[in-house]
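Colleague: I have a structure here, written as structure tokens, and I will follow up with some questions on it.
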Amino acid sequence: MLRKQILAITASSFLFAACTTSGAPTSESDSGTAASTAVASEAELIPVKAGHLVALDMAPLFVGVESGCFAEAGLAVETVLFTNPGDNNAALAGGQIDFSTNPFTLPFFAANSGVPIKTVAAAGGWGVMQVIVNSEYGVESISDLSTFVDENPDEKLKIATLRGDTLELILVDAFENAGISPDAFEMLYFDDLLAMVDAFRVGEVDILSHIKPYTTQFVASGEAAVLTDNAEVWSPTTPNTVVSVLDKTLAERPEVVESYIQGLHCAAEIINSEPEEAVSLLTEGNYYRVEDDVLLTAFTSQPSPITFTPDLETVQTVVDKMVELDYIEADVPAKDIFDVTLVKGLEE
């Protein structure tokens with residue numbers, strides 16, 4: 001029943017997505033040599049739309065836009081914000097956007113619904129998913145949480161997460177590894193990432209499965225402690241989000257996909273080597289609702305420099321769990337969804 005509900009929501013989103021996109025018409029101007037040169041320069045860039053959420057590992061996309069990295073790669077990238085991963089998925093399926101940066105579980109939902117999708121790279125950032133708990137409980141690890149559950153059998157802590165998302169799957173695996181029953185908690189499922197943050201801030205939930213830099217701000221202020229992250233539960237290079245396109249885009253416009261990945265690499269170099277500059281660029285674009293020092297801490301606390309080739313073996317284990325939970329009908333091999341040929345070539 002649960003799987004059918006999720007697939008029904010996903011499928012309905014696909015049906016309501018627009019089937020095509022169109023750019024604004026161009027016109028010639030006689031307003032002067034400088035204006036004509038500017039128009040000509042812009043015309044040389046290939047326009048693409050990139051759907052995204054608000055996670056730290058989407059920073060290469062944002063920095064790529066603000067720094068000019070994408071323009072250097074020949075692209076004019078327009079970012080399109082979504083607060084719900086399903087809407088992001090639907091926009092890609094319907095052709096409203098060219099690239100989608102979304103949790104790595106979402107392409108499997110899309111494929112299971114018949115969408116011809118290919119994931120071409122990790123979004124950029126490791127260990128950015130974190131499970132945090134309100135500091136008042138004195139719990140600082142999954143082991144501590146297990147002890148708390150045993151000692152307080154009548155107290156169910158409330159957990160905020162997204163159903164069928166990486167943010168839920170990390171909880172499933174973390175609890176299973178520690179021998180903790182999910183029934184020991186009250187699970188609250190959200191459909192808006194920022195609403196989850198607000199719920200934790202005002203004390204409506206006790207545990208938050210979310211991403212940096214939003215988890216970082218609570219830890220930095222002393223309001224929360226980190227229980228675990230995706231680098232610990234899965235592996236250091238298991239992604240949170242990934243970059244996906246339609247099969248048609250990869251087959252017919254591989255040079256655009258490669259240019260997009262080149263832009264991400266350029267931006268990652270800025271973040272890795274000059275994090276303060278990256279923070280300055282992101283502040284100008286107002287991408288995150290956190291202070292500059294929090295964002296800088298989020299960058300500098302990543303377990304390793306940003307790269308874009310994901311750990312597909314671990315991704316496959318998470319997909320297997322999705323099948324076990326009846327979220328998707330059949331096990332879709334990660335190798336059939338991911339095509340990381342371009343990104344591996346750039347990183348070799």
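Labels for the structure tokens follow display order: chains A, B, ..., residues from 1 in each chain, ligands from 1.
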I'd like the contact shell of A:Ala184 - 12 Å cut-off, only C-alpha atoms, skipping same-chain residues fewer than 3 positions apart - returned as a PDB file with N, CA and C atoms, in the first residue's frame.
Modeller:
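Output saved as around17.pdb:
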```
ATOM      1  N   LEU A 145      21.765   6.926  21.794  1.00  0.00           N
ATOM      2  CA  LEU A 145      20.333   6.917  21.509  1.00  0.00           C
ATOM      3  C   LEU A 145      19.734   5.557  21.841  1.00  0.00           C
ATOM      4  N   SER A 146      20.464   4.497  21.518  1.00  0.00           N
ATOM      5  CA  SER A 146      20.000   3.151  21.840  1.00  0.00           C
ATOM      6  C   SER A 146      19.813   2.988  23.349  1.00  0.00           C
ATOM      7  N   THR A 147      20.763   3.510  24.107  1.00  0.00           N
ATOM      8  CA  THR A 147      20.665   3.449  25.568  1.00  0.00           C
ATOM      9  C   THR A 147      19.472   4.252  26.068  1.00  0.00           C
ATOM     10  N   PHE A 148      19.260   5.437  25.477  1.00  0.00           N
ATOM     11  CA  PHE A 148      18.130   6.288  25.870  1.00  0.00           C
ATOM     12  C   PHE A 148      16.818   5.563  25.621  1.00  0.00           C
ATOM     13  N   VAL A 149      16.685   4.912  24.478  1.00  0.00           N
ATOM     14  CA  VAL A 149      15.456   4.183  24.144  1.00  0.00           C
ATOM     15  C   VAL A 149      15.210   3.074  25.149  1.00  0.00           C
ATOM     16  N   ASP A 150      16.270   2.329  25.513  1.00  0.00           N
ATOM     17  CA  ASP A 150      16.127   1.237  26.471  1.00  0.00           C
ATOM     18  C   ASP A 150      15.708   1.741  27.855  1.00  0.00           C
ATOM     19  N   GLU A 151      16.233   2.911  28.233  1.00  0.00           N
ATOM     20  CA  GLU A 151      15.962   3.442  29.567  1.00  0.00           C
ATOM     21  C   GLU A 151      14.671   4.254  29.649  1.00  0.00           C
ATOM     22  N   ASN A 152      14.103   4.579  28.497  1.00  0.00           N
ATOM     23  CA  ASN A 152      12.874   5.382  28.471  1.00  0.00           C
ATOM     24  C   ASN A 152      11.853   4.762  27.513  1.00  0.00           C
ATOM     25  N   PRO A 153      11.394   3.551  27.829  1.00  0.00           N
ATOM     26  CA  PRO A 153      10.516   2.825  26.896  1.00  0.00           C
ATOM     27  C   PRO A 153       9.176   3.511  26.639  1.00  0.00           C
ATOM     28  N   ASP A 154       8.740   4.383  27.550  1.00  0.00           N
ATOM     29  CA  ASP A 154       7.438   5.026  27.383  1.00  0.00           C
ATOM     30  C   ASP A 154       7.536   6.410  26.732  1.00  0.00           C
ATOM     31  N   GLU A 155       8.768   6.824  26.402  1.00  0.00           N
ATOM     32  CA  GLU A 155       8.954   8.145  25.790  1.00  0.00           C
ATOM     33  C   GLU A 155       9.373   7.976  24.333  1.00  0.00           C
ATOM     34  N   LYS A 156       8.509   8.370  23.432  1.00  0.00           N
ATOM     35  CA  LYS A 156       8.808   8.269  22.009  1.00  0.00           C
ATOM     36  C   LYS A 156       9.278   9.625  21.484  1.00  0.00           C
ATOM     37  N   LEU A 157      10.551   9.706  21.133  1.00  0.00           N
ATOM     38  CA  LEU A 157      11.058  10.934  20.537  1.00  0.00           C
ATOM     39  C   LEU A 157      10.480  11.095  19.134  1.00  0.00           C
ATOM     40  N   LYS A 158      10.226  12.342  18.746  1.00  0.00           N
ATOM     41  CA  LYS A 158       9.671  12.624  17.425  1.00  0.00           C
ATOM     42  C   LYS A 158      10.795  12.914  16.433  1.00  0.00           C
ATOM     43  N   ILE A 159      10.710  12.259  15.273  1.00  0.00           N
ATOM     44  CA  ILE A 159      11.739  12.402  14.242  1.00  0.00           C
ATOM     45  C   ILE A 159      11.138  13.024  12.989  1.00  0.00           C
ATOM     46  N   PHE A 175      19.471   2.788  12.354  1.00  0.00           N
ATOM     47  CA  PHE A 175      18.750   2.083  13.411  1.00  0.00           C
ATOM     48  C   PHE A 175      18.941   0.576  13.301  1.00  0.00           C
ATOM     49  N   GLY A 179      20.528  -1.951  16.055  1.00  0.00           N
ATOM     50  CA  GLY A 179      19.534  -2.809  16.685  1.00  0.00           C
ATOM     51  C   GLY A 179      18.409  -2.032  17.353  1.00  0.00           C
ATOM     52  N   ILE A 180      18.115  -0.834  16.837  1.00  0.00           N
ATOM     53  CA  ILE A 180      17.036  -0.007  17.386  1.00  0.00           C
ATOM     54  C   ILE A 180      15.789  -0.168  16.514  1.00  0.00           C
ATOM     55  N   SER A 181      14.650  -0.395  17.141  1.00  0.00           N
ATOM     56  CA  SER A 181      13.408  -0.516  16.388  1.00  0.00           C
ATOM     57  C   SER A 181      12.858   0.859  16.037  1.00  0.00           C
ATOM     58  N   MET A 187       7.507   8.909  13.939  1.00  0.00           N
ATOM     59  CA  MET A 187       8.037   9.448  12.699  1.00  0.00           C
ATOM     60  C   MET A 187       7.062  10.487  12.135  1.00  0.00           C
TER      61      MET A 187
END
```
Colleague: Running DSSP on the backbone, which parts of stretch 202-297 of chain A land in strand (DSSP E), as a compact mmCIF listing (two decimals) with N, CA and C atoms, in the first residue's frame?
Modeller:
```
# COMPACT_ATOMS: atom_id res chain seq x y z
N ILE A 207 14.35 14.93 16.92
CA ILE A 207 15.44 14.46 16.07
C ILE A 207 15.15 14.92 14.65
N LEU A 208 16.19 15.39 13.98
CA LEU A 208 16.05 15.89 12.61
C LEU A 208 17.04 15.18 11.70
N SER A 209 16.52 14.53 10.67
CA SER A 209 17.37 13.95 9.63
C SER A 209 17.38 14.92 8.47
N HIS A 210 18.50 15.60 8.28
CA HIS A 210 18.52 16.72 7.34
C HIS A 210 19.92 16.87 6.74
N ILE A 211 20.24 18.05 6.26
CA ILE A 211 21.52 18.26 5.60
C ILE A 211 22.19 19.53 6.09
N ALA A 224 21.95 21.33 19.33
CA ALA A 224 21.83 19.95 18.88
C ALA A 224 23.18 19.26 18.87
N ALA A 225 23.13 17.93 18.88
CA ALA A 225 24.33 17.10 18.74
C ALA A 225 24.15 16.19 17.55
N VAL A 226 25.25 15.87 16.88
CA VAL A 226 25.19 14.98 15.72
C VAL A 226 25.19 13.53 16.18
N LEU A 227 24.20 12.77 15.73
CA LEU A 227 24.14 11.34 16.03
C LEU A 227 24.95 10.53 15.02
N THR A 228 24.83 10.89 13.75
CA THR A 228 25.57 10.19 12.70
C THR A 228 25.44 10.97 11.40
N ASP A 229 26.15 10.53 10.36
CA ASP A 229 26.01 11.14 9.04
C ASP A 229 26.12 10.05 7.98
N THR A 241 22.82 14.02 -2.75
CA THR A 241 22.11 14.33 -3.99
C THR A 241 22.99 14.06 -5.21
N VAL A 242 22.32 13.93 -6.35
CA VAL A 242 23.01 13.62 -7.60
C VAL A 242 22.44 14.48 -8.72
N VAL A 243 23.16 14.54 -9.81
CA VAL A 243 22.74 15.31 -10.99
C VAL A 243 22.19 14.34 -12.03
N SER A 244 20.96 14.58 -12.44
CA SER A 244 20.31 13.70 -13.42
C SER A 244 19.79 14.47 -14.61
N VAL A 245 19.72 13.78 -15.74
CA VAL A 245 19.16 14.33 -16.98
C VAL A 245 18.28 13.26 -17.60
N LEU A 246 17.51 13.62 -18.59
CA LEU A 246 16.77 12.62 -19.36
C LEU A 246 17.75 11.91 -20.30
```
Colleague: Quick one: distance from atom CA of A:Pro236 to atom CA of A:Asp144 in Å, one decimal?
Modeller: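 Interatomic distance here is 22.5 Å.
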Colleague: Name all residues at most 7 Å from stretch 75-87 of chain A (count only C-alpha atoms; drop same-chain ones fewer than 6 positions away) and give them as a count of residues only.
Modeller: 16
Colleague: Env of A:Arg289: 12 Å cut, atoms = only C-alpha atoms, seq-sep filter 5 positions within chain, self excluded. Answer as a ChimeraX atom specification.
Modeller: /A:54-56,194,197-198,212-217,282-283,294-295
Colleague: Report the residues of stretch 82-163 of chain A whose backbone DSSP state falls under alpha helix (DSSP H), written as a VMD selection string.
Modeller: chain A and resid 85 to 93 106 to 112 142 to 151
Colleague: Just give me the gap between atom CA of A:Phe190 and atom CA of A:Tyr327 in Å, one decimal is fine.
Modeller: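 One can read the atom CA of A:Phe190 to atom CA of A:Tyr327 distance as 16.7 Å.
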Colleague: Pick from A:Asp292, A:Asp247, A:Glu223, A:Asp320: nearest to A:Glu140, with only C-alpha atoms counted?
Modeller: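 Looking at the shortest contact to A:Glu140, the residue is A:Glu223.
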Colleague: Using only C-alpha atoms, which protein or nucleic acid residues come within 10 Å of stretch 302-311 of chain A? Drop anything in the same chain fewer than 5 positions from it, and give the result as a VMD selection string.
Modeller: chain A and resid 57 60 120 to 128 212 231 234 to 243 261 264 to 265 267 to 269 271 to 273 297 316 338 340 to 347
Colleague: Find the spatial neighbours of A:Thr161, counting only C-alpha atoms, within a cut-off of 6 Å - ignore same-chain residues fewer than 6 positions away - and output them as number ranges by chain.
Modeller: A: 167-168, 189, 209
Colleague: Can you tell me how far atom CA of A:Asp339 sits from atom CA of A:Lys248, in Å to one decimal?
Modeller: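 Separating atom CA of A:Asp339 from atom CA of A:Lys248 is a distance of 13.1 Å.
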Colleague: Using only C-alpha atoms, which of A:Ala160, A:Ala330, A:Met322, A:Ala199 sits nearest A:Phe185?
Modeller: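 For A:Phe185, the nearest of the given residues is A:Ala160.
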